[in-house]
file structure12.txt (compact mmCIF, C-alpha atoms)
# COMPACT_ATOMS: atom_id res chain seq x y z
CA MET X 4 28.18 126.77 69.34
CA SER X 5 27.23 129.49 71.82
CA ALA X 6 25.41 128.68 75.02
CA VAL X 7 23.14 131.03 76.92
CA ILE X 8 22.69 131.65 80.63
CA THR X 9 19.02 131.63 81.58
CA GLY X 10 19.23 131.69 85.38
CA MET X 11 21.60 132.46 88.24
CA GLY X 12 21.83 131.72 91.94
CA VAL X 13 24.28 133.17 94.46
CA VAL X 14 25.09 132.74 98.14
CA SER X 15 27.97 134.98 99.19
CA ALA X 16 29.18 137.31 101.89
CA LEU X 17 27.03 139.99 100.21
CA GLY X 18 23.89 137.99 100.91
CA SER X 19 21.74 135.13 99.69
CA GLY X 20 20.22 135.60 96.25
CA VAL X 21 21.08 137.48 93.07
CA ASP X 22 19.28 140.63 94.21
CA ALA X 23 21.30 140.84 97.43
CA PHE X 24 24.50 140.11 95.51
CA ALA X 25 23.79 142.80 92.90
CA SER X 26 22.76 145.32 95.54
CA GLY X 27 25.94 144.69 97.52
CA LEU X 28 28.12 145.15 94.43
CA ALA X 29 26.30 148.32 93.36
CA SER X 30 26.36 149.99 96.78
CA GLY X 31 29.93 148.95 97.60
CA VAL X 32 29.09 146.94 100.72
CA ASN X 33 32.25 145.85 102.52
CA ALA X 34 31.47 142.31 103.65
CA CYS X 35 34.86 141.72 105.27
CA ALA X 36 34.58 141.12 109.02
CA MET X 37 36.49 139.54 111.87
CA HIS X 38 35.58 135.89 112.46
CA GLU X 39 36.63 133.35 115.05
CA PHE X 40 38.57 130.25 113.96
CA SER X 41 39.58 127.28 116.09
CA LEU X 42 43.23 126.26 116.10
CA PHE X 43 44.42 122.65 116.15
CA GLY X 44 45.46 123.02 119.79
CA GLY X 45 41.99 124.13 120.84
CA GLN X 46 42.72 127.86 121.07
CA LYS X 47 40.68 130.48 119.23
CA ARG X 48 41.86 133.12 116.79
CA ARG X 49 40.04 136.06 115.25
CA ALA X 50 40.96 136.93 111.68
CA PRO X 51 39.38 138.82 108.75
CA ALA X 52 37.30 136.83 106.27
CA TYR X 53 34.35 137.05 103.89
CA MET X 54 32.03 134.37 105.27
CA ALA X 55 28.93 133.69 103.17
CA ALA X 56 25.58 134.69 104.60
CA PRO X 57 23.19 131.89 105.61
CA ALA X 58 21.63 130.31 102.53
CA ASP X 59 17.97 131.35 102.47
CA ALA X 60 16.11 128.19 101.43
CA LYS X 61 12.60 129.47 102.18
CA GLY X 62 10.25 128.45 99.39
CA LEU X 63 13.06 126.58 97.60
CA ILE X 64 13.95 123.44 99.55
CA GLU X 65 11.90 121.43 102.02
CA PRO X 66 13.11 121.60 105.65
CA ARG X 67 13.45 117.79 105.85
CA LYS X 68 15.95 117.88 102.98
CA LEU X 69 17.88 120.77 104.52
CA ARG X 70 18.48 118.81 107.70
CA ARG X 71 20.57 116.33 105.73
CA MET X 72 22.73 119.03 104.12
CA ASP X 73 25.89 120.49 105.62
CA ARG X 74 26.72 124.18 105.17
CA LEU X 75 28.52 123.84 101.82
CA ILE X 76 25.86 121.60 100.27
CA ARG X 77 23.14 123.94 101.48
CA MET X 78 24.83 126.94 99.80
CA CYS X 79 25.13 125.00 96.55
CA ALA X 80 21.63 123.50 96.57
CA VAL X 81 20.02 126.85 97.36
CA SER X 82 22.01 128.56 94.59
CA ALA X 83 20.89 125.87 92.14
CA ARG X 84 17.26 126.31 93.13
CA GLN X 85 17.60 130.09 92.77
CA ALA X 86 18.95 129.65 89.24
CA LEU X 87 16.07 127.35 88.25
CA LYS X 88 13.53 129.73 89.75
CA GLN X 89 14.95 132.76 87.95
CA ALA X 90 14.90 130.87 84.65
CA GLY X 91 11.39 129.59 85.23
CA LEU X 92 12.49 125.98 84.71
CA ASP X 93 10.49 123.52 86.77
CA PRO X 94 12.61 120.35 87.07
CA SER X 95 9.48 118.27 87.72
CA THR X 96 8.20 119.09 84.20
CA PHE X 97 11.61 118.79 82.47
CA ASP X 98 13.09 115.58 81.05
CA ALA X 99 15.19 114.51 84.04
CA SER X 100 17.61 112.59 81.81
CA ARG X 101 18.45 115.80 79.92
CA LEU X 102 19.03 117.95 83.01
CA GLY X 103 22.50 117.70 84.53
CA VAL X 104 24.89 119.24 87.04
CA VAL X 105 28.54 120.20 86.49
CA PHE X 106 30.27 121.62 89.54
CA GLY X 107 33.71 122.97 90.34
CA THR X 108 35.26 122.90 93.81
CA ALA X 109 38.84 122.92 95.02
CA TYR X 110 38.41 121.52 98.51
CA GLY X 111 34.93 119.99 98.58
CA ALA X 112 33.05 119.45 101.84
CA LEU X 113 35.92 120.18 104.21
CA GLY X 114 33.78 120.32 107.34
CA THR X 115 32.40 116.84 106.73
CA THR X 116 35.85 115.58 105.74
CA GLN X 117 37.21 116.69 109.09
CA GLU X 118 34.33 114.93 110.85
CA PHE X 119 35.20 111.70 109.05
CA ILE X 120 38.89 111.95 109.89
CA ASP X 121 38.09 112.73 113.53
CA SER X 122 35.79 109.68 113.76
CA TRP X 123 38.56 107.54 112.23
CA LEU X 124 41.17 108.78 114.70
CA LYS X 125 38.81 108.46 117.66
CA ASN X 126 37.16 105.11 116.89
CA GLY X 127 39.62 103.40 114.58
CA GLU X 128 39.33 102.78 110.86
CA ARG X 129 36.87 99.88 111.30
CA HIS X 130 34.43 102.16 113.13
CA ALA X 131 34.84 105.36 111.16
CA SER X 132 31.52 106.84 110.04
CA PRO X 133 30.60 105.56 106.53
CA LEU X 134 27.98 108.30 106.23
CA ALA X 135 30.59 110.98 106.93
CA PHE X 136 32.90 109.40 104.34
CA MET X 137 30.19 109.33 101.69
CA SER X 138 29.42 112.98 102.37
CA SER X 139 33.08 114.02 102.32
CA VAL X 140 33.93 113.19 98.69
CA HIS X 141 34.04 116.09 96.23
CA GLY X 142 31.28 114.63 94.05
CA ILE X 143 28.74 114.92 96.85
CA ILE X 144 27.97 118.52 95.83
CA ALA X 145 26.71 117.71 92.34
CA SER X 146 25.05 114.54 93.63
CA GLN X 147 23.08 116.31 96.35
CA ILE X 148 21.90 118.99 93.92
CA ALA X 149 20.74 116.30 91.49
CA LEU X 150 18.94 114.41 94.27
CA ASP X 151 17.18 117.58 95.37
CA ILE X 152 15.85 118.51 91.94
CA GLY X 153 15.43 114.96 90.58
CA ALA X 154 17.97 115.34 87.76
CA VAL X 155 19.35 112.05 86.42
CA GLY X 156 21.40 113.48 83.55
CA VAL X 157 25.15 113.99 83.42
CA ASN X 158 26.66 114.63 86.86
CA LEU X 159 30.26 115.79 87.15
CA THR X 160 32.54 117.47 89.68
CA LEU X 161 35.83 119.08 88.68
CA ALA X 162 38.63 120.08 91.04
CA GLN X 163 41.29 122.29 89.44
CA ARG X 164 42.25 124.53 92.34
CA ASP X 165 41.75 128.22 91.44
CA ILE X 166 40.05 127.53 88.10
CA SER X 167 37.63 124.83 89.23
CA PHE X 168 34.55 126.83 88.19
CA GLU X 169 36.04 127.86 84.86
CA ALA X 170 36.90 124.20 84.16
CA ALA X 171 33.31 123.24 84.97
CA LEU X 172 32.01 125.92 82.58
CA ALA X 173 34.27 124.72 79.75
CA THR X 174 33.16 121.12 80.33
CA ALA X 175 29.48 122.10 80.39
CA ILE X 176 29.73 123.86 77.04
CA GLU X 177 31.36 120.77 75.53
CA LEU X 178 28.56 118.59 76.90
CA LEU X 179 25.92 120.85 75.34
CA GLU X 180 27.80 120.83 72.02
CA GLN X 181 27.93 117.03 72.11
CA GLY X 182 24.21 116.80 72.82
CA LYS X 183 24.76 115.10 76.18
CA ALA X 184 22.27 117.44 77.91
CA ASP X 185 19.74 120.15 77.19
CA ALA X 186 20.20 122.15 80.40
CA LEU X 187 23.07 122.15 82.86
CA LEU X 188 23.46 123.71 86.28
CA VAL X 189 27.06 124.90 86.30
CA GLY X 190 28.47 126.09 89.60
CA GLY X 191 31.43 126.70 91.82
CA ALA X 192 31.69 126.64 95.59
CA ASP X 193 34.12 126.27 98.47
CA GLU X 194 33.79 126.72 102.22
CA LEU X 195 36.21 128.31 104.65
CA THR X 196 36.64 126.15 107.74
CA SER X 197 38.88 126.51 110.77
CA MET X 198 41.02 123.65 109.48
CA LEU X 199 41.58 125.28 106.09
CA HIS X 200 42.27 128.64 107.70
CA GLU X 201 44.85 127.07 110.02
CA PHE X 202 46.62 125.32 107.15
CA ALA X 203 46.71 128.55 105.13
CA ASN X 204 47.95 130.44 108.17
CA HIS X 205 50.73 127.87 108.67
CA PHE X 206 52.05 128.76 105.21
CA ARG X 207 51.55 132.48 105.92
CA TYR X 208 49.10 132.77 103.06
CA VAL X 209 46.15 134.46 104.79
CA GLU X 210 45.94 137.77 106.61
CA ARG X 211 45.70 137.45 110.38
CA SER X 212 45.61 141.06 111.52
CA ALA X 213 42.52 143.25 111.31
CA VAL X 214 42.31 144.77 107.82
CA ALA X 215 39.58 146.66 105.99
CA GLY X 216 39.33 143.98 103.33
CA ALA X 217 41.05 142.23 100.45
CA ASP X 218 43.12 144.30 98.04
CA PRO X 219 43.50 142.31 94.81
CA TRP X 220 45.51 145.18 93.30
CA SER X 221 48.23 144.96 95.90
CA LYS X 222 51.62 143.51 94.98
CA ARG X 223 52.49 142.46 98.50
CA GLY X 224 50.79 141.05 101.55
CA ARG X 225 48.42 138.15 102.17
CA VAL X 226 44.95 137.37 100.96
CA VAL X 227 41.69 137.73 102.89
CA PRO X 228 39.81 134.46 102.35
CA GLY X 229 36.11 133.93 101.86
CA ASP X 230 33.57 131.35 100.77
CA GLY X 231 30.28 131.02 98.95
CA ALA X 232 28.59 129.48 95.94
CA ALA X 233 27.21 130.55 92.57
CA VAL X 234 25.31 128.55 89.96
CA LEU X 235 24.45 129.37 86.34
CA LEU X 236 21.78 127.57 84.33
CA LEU X 237 23.29 126.93 80.90
CA GLU X 238 21.24 126.02 77.82
CA ARG X 239 21.62 126.03 74.06
CA GLU X 240 20.57 129.07 72.10
CA GLY X 241 16.98 128.85 71.00
CA THR X 242 15.66 127.92 74.43
CA PRO X 243 12.18 129.30 75.15
CA ARG X 244 13.51 130.80 78.37
CA LYS X 245 14.84 134.35 78.48
CA ALA X 246 18.60 134.52 78.02
CA LEU X 247 20.59 136.72 80.42
CA ALA X 248 23.94 136.48 78.62
CA ARG X 249 25.74 134.40 76.02
CA VAL X 250 28.87 132.29 76.58
CA HIS X 251 30.83 131.89 73.34
CA LYS X 252 33.82 129.80 74.34
CA ALA X 253 35.52 128.54 77.48
CA ARG X 254 38.86 126.75 77.54
CA VAL X 255 41.41 125.40 79.99
CA GLY X 256 45.12 125.09 79.25
CA ARG X 257 48.55 125.57 80.75
CA TRP X 258 50.27 128.76 81.78
CA ASP X 259 54.05 128.69 82.18
CA VAL X 260 56.00 131.91 82.62
CA GLY X 261 59.05 131.93 80.35
CA PRO X 262 60.17 132.29 76.72
CA ARG X 263 58.20 129.23 75.66
CA ALA X 264 55.00 130.35 77.32
CA GLY X 265 52.26 129.99 74.74
CA ALA X 266 49.29 128.80 76.75
CA LEU X 267 47.63 132.19 76.99
CA PRO X 268 47.47 132.95 73.25
CA GLN X 269 46.56 129.30 72.64
CA ALA X 270 43.70 129.50 75.13
CA LEU X 271 42.40 132.53 73.24
CA ALA X 272 42.61 130.80 69.84
CA GLY X 273 39.22 130.90 68.16
CA PHE X 274 37.90 133.64 70.43
CA ASP X 275 36.43 136.72 68.76
CA ILE X 276 38.81 139.01 70.64
CA ASP X 277 38.05 142.09 68.53
CA ARG X 278 34.65 142.42 70.23
CA ILE X 279 36.01 142.34 73.79
CA ASP X 280 35.67 145.62 75.69
CA LEU X 281 36.36 144.49 79.28
CA VAL X 282 38.63 141.93 80.93
CA THR X 283 37.94 140.42 84.35
CA THR X 284 40.75 138.62 86.14
CA SER X 285 41.39 136.34 89.09
CA ARG X 286 43.89 138.58 90.89
CA ALA X 287 44.69 137.41 94.41
CA GLY X 288 46.78 140.37 95.53
CA SER X 289 49.40 138.35 97.39
CA ALA X 290 53.17 138.60 97.25
CA ASN X 291 53.38 135.08 95.80
CA SER X 292 50.84 135.69 93.05
CA ALA X 293 51.91 139.21 91.99
CA PRO X 294 54.71 138.18 89.56
CA LEU X 295 52.46 135.61 87.87
CA GLU X 296 49.60 138.07 87.58
CA ALA X 297 51.79 140.82 86.14
CA ALA X 298 53.38 138.49 83.56
CA ARG X 299 50.01 137.06 82.56
CA GLU X 300 48.47 140.49 82.06
CA ARG X 301 51.39 141.62 79.89
CA ALA X 302 50.93 138.53 77.74
CA LEU X 303 47.20 139.16 77.60
CA ASP X 304 47.68 142.74 76.38
CA ALA X 305 50.08 141.46 73.73
CA ALA X 306 47.62 138.78 72.61
CA LEU X 307 44.76 141.28 72.40
CA GLY X 308 46.93 143.86 70.67
CA ARG X 309 45.50 146.66 72.79
CA LEU X 310 45.02 147.76 76.38
CA LEU X 311 41.59 147.06 77.86
CA PRO X 312 40.16 147.93 81.28
CA LYS X 313 40.66 145.11 83.78
CA LEU X 314 38.50 144.42 86.82
CA THR X 315 38.34 141.87 89.61
CA HIS X 316 35.69 141.94 92.33
CA ARG X 317 37.45 139.69 94.84
CA GLY X 318 37.65 142.69 97.14
CA ASN X 319 33.85 142.48 97.30
CA PHE X 320 33.54 138.80 98.22
CA GLY X 321 37.03 137.56 99.14
CA ASN X 322 39.74 135.30 97.78
CA PHE X 323 38.92 131.60 97.50
CA PRO X 324 39.24 129.05 94.68
CA ALA X 325 35.61 129.10 93.58
CA ALA X 326 35.42 132.91 93.62
CA GLY X 327 35.45 132.67 89.83
CA ALA X 328 31.83 131.54 90.01
CA LEU X 329 30.86 134.75 91.82
CA GLN X 330 32.86 136.77 89.29
CA ALA X 331 30.89 135.07 86.50
CA ALA X 332 27.64 136.15 88.17
CA ALA X 333 29.00 139.71 88.42
CA ASN X 334 29.94 139.57 84.73
CA VAL X 335 26.40 138.58 83.75
CA LEU X 336 25.02 141.49 85.77
CA MET X 337 27.45 143.93 84.15
CA LEU X 338 26.47 142.70 80.68
CA GLN X 339 22.90 143.58 81.62
CA GLY X 340 23.80 147.24 81.96
CA GLN X 341 25.76 148.13 85.09
CA VAL X 342 29.45 148.36 85.94
CA PHE X 343 30.47 147.69 89.56
CA ALA X 344 33.43 149.55 91.02
CA PRO X 345 35.59 146.89 92.72
CA LEU X 346 36.55 147.22 96.35
CA ALA X 347 40.21 147.23 97.38
CA GLY X 348 40.97 147.32 101.09
CA GLY X 349 37.33 148.15 101.76
CA LYS X 350 37.27 151.20 99.50
CA PRO X 351 35.75 151.46 96.00
CA ARG X 352 38.29 151.77 93.19
CA THR X 353 36.20 154.12 91.08
CA ASP X 354 39.35 155.05 89.16
CA LEU X 355 39.28 151.59 87.58
CA VAL X 356 35.85 152.16 86.05
CA GLY X 357 35.85 155.93 85.46
CA ALA X 358 33.80 156.60 82.35
CA LEU X 359 33.63 152.89 81.52
CA LYS X 360 30.31 152.04 79.91
CA ALA X 361 28.43 148.81 80.49
CA PRO X 362 30.36 146.16 78.54
CA ARG X 363 28.96 144.26 75.60
CA CYS X 364 31.60 141.53 75.57
CA VAL X 365 33.73 140.35 78.52
CA LEU X 366 36.82 138.17 78.54
CA HIS X 367 37.47 136.43 81.84
CA ASP X 368 41.12 135.49 82.32
CA ALA X 369 41.88 133.14 85.20
CA ALA X 370 45.07 131.41 86.24
CA SER X 371 46.03 129.04 89.01
CA MET X 372 49.26 128.96 90.97
CA THR X 373 49.46 125.32 89.82
CA GLY X 374 50.23 126.51 86.28
CA SER X 375 46.78 125.95 84.78
CA HIS X 376 44.97 128.67 82.89
CA ALA X 377 41.36 129.24 81.86
CA ALA X 378 39.51 131.80 79.81
CA TYR X 379 35.98 132.38 78.57
CA VAL X 380 34.16 135.02 76.53
CA MET X 381 30.72 136.18 77.57
CA SER X 382 28.57 138.73 75.75
CA ALA X 383 25.31 140.64 76.16
CA ILE X 384 22.16 139.42 74.43
call {"tool": "encode", "arguments": {"input": "structure12.txt", "output": "structure tokens"}}
result
Amino acid sequence: MSAVITGMGVVSALGSGVDAFASGLASGVNACAMHEFSLFGGQKRRAPAYMAAPADAKGLIEPRKLRRMDRLIRMCAVSARQALKQAGLDPSTFDASRLGVVFGTAYGALGTTQEFIDSWLKNGERHASPLAFMSSVHGIIASQIALDIGAVGVNLTLAQRDISFEAALATAIELLEQGKADALLVGGADELTSMLHEFANHFRYVERSAVAGADPWSKRGRVVPGDGAAVLLLEREGTPRKALARVHKARVGRWDVGPRAGALPQALAGFDIDRIDLVTTSRAGSANSAPLEAARERALDAALGRLLPKLTHRGNFGNFPAAGALQAAANVLMLQGQVFAPLAGGKPRTDLVGALKAPRCVLHDAASMTGSHAAYVMSAI
């Protein structure tokens, strides 16, 4: 069964809303900037990052609700409301038991988690804030979205590091196939906090010096992190709402480099690969990820039996686990008629698009450093 996307919502470094996101991609806006991060010892450090713009909730969420949402939840809830608004689905007139939320996040509400840990260390475990604990668990994202829109259907959160969004998408399609829901808000989000930046810096994973921006096509160096959220409204075909794109299949498996590696072809089993005319990837552009990315792309070319153009837009919005959700939004926009030249080091790589026409069928290939692999096929209506 194919599912269709009827609405989208985005909060990213390119702006709040699909229009701002599309405009930033089309015009090649470089959203990388220097930001200040607090170190564990109390000092400050400035480093490059793609920090999401403030989530514009005007006309979407009541101010009294916003006051109870931290930054990550606000990005997610606003993106969900944007998706519903674009689709023209009013949750108050929809069967609440058939409307659900499936979300992917690697780290969850890190800011609130740190608050809880700090209260524990300061006041002792018997006096740690129960409210902060409740708001620190990963599932709080999907729960807060459901509370905001009044959805009482299926509510799930998946955490699979770099493929958390793709895992959420695969799960959502299964739920629609099984008749567990009629409409699902499927999203991915992560936030960049000082604590996460300091941990990544400790392992020399993130770039500290001033750079023009992320270069996913590099084979050496460190990544430029970012954050944000994106939500797709997924429904079965035949919905009365206008479909923006079609999702045929989405799967999650294992990827292990070596002679027995078979996860990539297996993940593509059942996909109509002959129709694919563009591949989007989850390139990170770091020294650690380069060998994995190169091996995976060679296996992909072998599985497809031909060379296809490959794009990743992480240079436009940064490297972070849930960036796959923003790439999915970019894929939907490209299937509607426009190809976006990806940024690398702050400059557009027009050579990667050249005479490339707007795709009709996109394969997204995503892998995690943990050894997991995900893929989905999305086509134009």
call {"tool": "residues_near_point", "arguments": {"input": "structure12.txt", "point": "(26.4, 140.4, 74.9)", "cutoff": "12 Å", "atoms": "only C-alpha atoms", "output": "PyMOL selection string"}}
result
chain X and resi 5-8+246-251+278-281+334-340+361-366+380-384
call {"tool": "atom_distance", "arguments": {"input": "structure12.txt", "atom1": "CA of Thr116 (chain X)", "atom2": "CA of Ala203 (chain X)"}}
result
16.9 Å
call {"tool": "closest_residue", "arguments": {"input": "structure12.txt", "among": "X:Ala370, X:Leu42, X:Ala112, X:Val214", "to": "Gly318 (chain X)", "atoms": "all atoms listed in the file"}}
result
X:Val214
call {"tool": "atom_distance", "arguments": {"input": "structure12.txt", "atom1": "CA of Val226 (chain X)", "atom2": "CA of Leu159 (chain X)"}}
result
29.5 Å
call {"tool": "residues_around", "arguments": {"input": "structure12.txt", "residues": "Phe24 (chain X)", "least_positions_apart": "4", "cutoff": "10 Å", "atoms": "all atoms listed in the file", "output": "list of chain:residue names"}}
result
X:Gly12, X:Val13, X:Val14, X:Ser15, X:Ala16, X:Leu17, X:Gly18, X:Ser19, X:Gly20, X:Leu28, X:Ala29, X:Val32, X:Asn319, X:Phe320, X:Leu329, X:Ala332, X:Ala333, X:Leu336
call {"tool": "residues_near_point", "arguments": {"input": "structure12.txt", "point": "(29.7, 115.5, 96.2)", "cutoff": "12 Å", "atoms": "all atoms listed in the file", "output": "NGL selection string"}}
result
:X and (72-73 or 75-77 or 79-80 or 104-113 or 115-116 or 135-150 or 158-162 or 192-193)
call {"tool": "closest_residue", "arguments": {"input": "structure12.txt", "among": "X:Val227, X:Ala378, X:Ala99, X:Val356", "to": "Ile276 (chain X)", "atoms": "only C-alpha atoms"}}
result
X:Ala378
call {"tool": "closest_residue", "arguments": {"input": "structure12.txt", "among": "X:Ala232, X:Ala52, X:Ala154, X:Leu69", "to": "Met37 (chain X)", "atoms": "only C-alpha atoms"}}
result
X:Ala52
call {"tool": "closest_residue", "arguments": {"input": "structure12.txt", "among": "X:Gly127, X:Pro243, X:Gly224, X:Gly321", "to": "Asn291 (chain X)", "atoms": "only C-alpha atoms"}}
result
X:Gly224
call {"tool": "residues_around", "arguments": {"input": "structure12.txt", "residues": "Leu236 (chain X)", "least_positions_apart": "6", "cutoff": "10 Å", "atoms": "all atoms listed in the file", "output": "ChimeraX atom specification"}}
result
/X:7-12,83-87,89-90,92,103-104,186-190,246
call {"tool": "atom_distance", "arguments": {"input": "structure12.txt", "atom1": "CA of Ile166 (chain X)", "atom2": "CA of Pro345 (chain X)"}}
result
20.4 Å
call {"tool": "residues_around", "arguments": {"input": "structure12.txt", "residues": "Asp98 (chain X)", "least_positions_apart": "4", "cutoff": "9 Å", "atoms": "all atoms listed in the file", "output": "list in words"}}
result
Pro94, Leu102, Ala154, Val155, Gly156 and Asp185 of chain X
call {"tool": "write_last_selection", "arguments": {"input": "structure12.txt", "atoms": "C-alpha atoms", "output": "CSV table (one decimal), keeping the file's coordinate frame"}}
result
chain,number,residue,atom,x,y,z
X,94,PRO,CA,12.6,120.4,87.1
X,102,LEU,CA,19.0,118.0,83.0
X,154,ALA,CA,18.0,115.3,87.8
X,155,VAL,CA,19.4,112.0,86.4
X,156,GLY,CA,21.4,113.5,83.6
X,185,ASP,CA,19.7,120.2,77.2
call {"tool": "closest_residue", "arguments": {"input": "structure12.txt", "among": "X:Gly191, X:His367, X:Arg257, X:Leu314", "to": "Phe274 (chain X)", "atoms": "all atoms listed in the file"}}
result
X:His367
call {"tool": "residues_around", "arguments": {"input": "structure12.txt", "residues": "Gly348 (chain X)", "least_positions_apart": "2", "cutoff": "7 Å", "atoms": "only C-alpha atoms", "output": "ChimeraX atom specification"}}
result
/X:215-218,318,346,350
call {"tool": "closest_atom_pairs", "arguments": {"input": "structure12.txt", "of": "region 289-373 of chain X", "to": "region 206-209 of chain X", "cutoff": "10 Å", "atoms": "all atoms listed in the file", "output": "JSON lines"}}
result
{"residue": "X:Ser289", "atom": "CA", "partner": "X:Tyr208", "partner_atom": "CA", "distance": 8.0}
{"residue": "X:Ala290", "atom": "CA", "partner": "X:Tyr208", "partner_atom": "CA", "distance": 9.2}
{"residue": "X:Asn291", "atom": "CA", "partner": "X:Tyr208", "partner_atom": "CA", "distance": 8.7}
{"residue": "X:Asn322", "atom": "CA", "partner": "X:Val209", "partner_atom": "CA", "distance": 9.5}
call {"tool": "axis_aligned_box", "arguments": {"input": "structure12.txt", "around": "region 16-28 of chain X", "padding_each_side": "5 Å", "output": "JSON"}}
result
{"center_x": 24.2, "center_y": 140.2, "center_z": 97.4, "size_x": 19.9, "size_y": 20.2, "size_z": 19.0}
call {"tool": "residues_around", "arguments": {"input": "structure12.txt", "residues": "Leu359 (chain X)", "least_positions_apart": "5", "cutoff": "10 Å", "atoms": "all atoms listed in the file", "output": "list in words"}}
result
Asp280, Leu281, Pro312, Gln341, Val342, Thr353 and Asp354 of chain X
call {"tool": "closest_residue", "arguments": {"input": "structure12.txt", "among": "X:Arg101, X:Arg48, X:Arg301, X:His200", "to": "Val157 (chain X)", "atoms": "all atoms listed in the file"}}
result
X:Arg101
